[in-house]
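A.B. asks: Structure in structure tokens, see below.
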Amino acid sequence: MGDKISEMGEMVKKKLGEIKTLQELQDLKVKYLGKKGEVTSMLKGLGGMSAEERPIFGQKVNALREEIEKAMERREQDVKERLLEQKLAKEKIDVTMPGKNIELRISSSNYTSYSRSRRNLFRNGIFHC
């Protein structure tokens with residue numbers, strides 16, 4: 001049984017190294033630590049063992065669970081940092097580049113436009129004062 005525990009630990013570490021997204025990490029977490037996960041099923045198998053084997057096997061499985069949880073937390077931080085770096089690289093703004101031409105359209109109030117139209121009428125000679 002000890003070999004099975006160490007093999008599972010090595011397999012999980014190998015799979016953690018291949019993970020690239022948070023969803024893959026969550027799937028792996030469910031597979032091994034979830035309600036119907038492999039580590040959980042090992043703990044459920046304690047009932048069929050003798051009284052002498054039970055504490056030793058339980059300690060080993062609990063140690064494996066803690067090791068897997070810590071490794072998954074570290075990998076989650078690594079994946080989050082990598083995703084953040086990728087996002088920041090895409091959103092990078094170079095302040096030394098020339099800006100884009102932006103046409104500003106300023107809307108004036110009704111009073112201002114009325115005043116301008118009256119001024120234009122007087123300038124064009126339509127009304128004489």
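Simple scheme: letters A, B, ... for chains in structure tokens order, numbers from 1 for residues in each chain, numbers from 1 for ligands in the order shown.
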If you count only C-alpha atoms, which residues fall within 8 Å of region 15-32 of chain A, apart from same-chain ones fewer than 2 positions away, as a ChimeraX atom specification?
C.D. replies: /A:11-13,34-40,71-72,75-76,79-80
A.B. asks: Which neighbours of Arg65 (chain A) fall inside 8 Å, counting only C-alpha atoms, when residues of the same chain fewer than 4 positions from it are skipped, and could you give them as a ChimeraX atom specification?
C.D. replies: /A:33,39,61,69
A.B. asks: Step one, run DSSP on the backbone; step two, keep only residues of chain A assigned to helix (DSSP H, G or I); then write them as a PyMOL selection string.
C.D. replies: chain A and resi 2-18+22-33+38-48+53-90+110-123
A.B. asks: May I have the residues within 10 Å of Gly45 (chain A) as a PyMOL selection string, using only C-alpha atoms and disregarding those fewer than 4 positions away in the same chain?
C.D. replies: chain A and resi 39-41+49+54+57-58
A.B. asks: Please dump the current selection as an mmCIF file, in the first residue's frame; keep C-alpha atoms.
C.D. replies:
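Written file, selection-v7.cif:
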```cif
data_model
loop_
_atom_site.group_PDB
_atom_site.id
_atom_site.type_symbol
_atom_site.label_atom_id
_atom_site.label_comp_id
_atom_site.auth_asym_id
_atom_site.auth_seq_id
_atom_site.Cartn_x
_atom_site.Cartn_y
_atom_site.Cartn_z
ATOM 1 C CA VAL A 39 -7.255 9.905 -2.153
ATOM 2 C CA THR A 40 -10.700 10.066 -0.576
ATOM 3 C CA SER A 41 -11.461 6.516 -1.727
ATOM 4 C CA MET A 49 -8.017 -2.934 7.273
ATOM 5 C CA ARG A 54 -5.239 1.452 9.952
ATOM 6 C CA PHE A 57 -1.990 3.790 6.429
ATOM 7 C CA GLY A 58 -4.222 6.688 7.529
#
```
A.B. asks: One decimal, in Å: what's the spacing between CA of Ile5 (chain A) and CA of Lys44 (chain A)?
C.D. replies: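 One can read the CA of Ile5 (chain A) to CA of Lys44 (chain A) distance as 14.3 Å.
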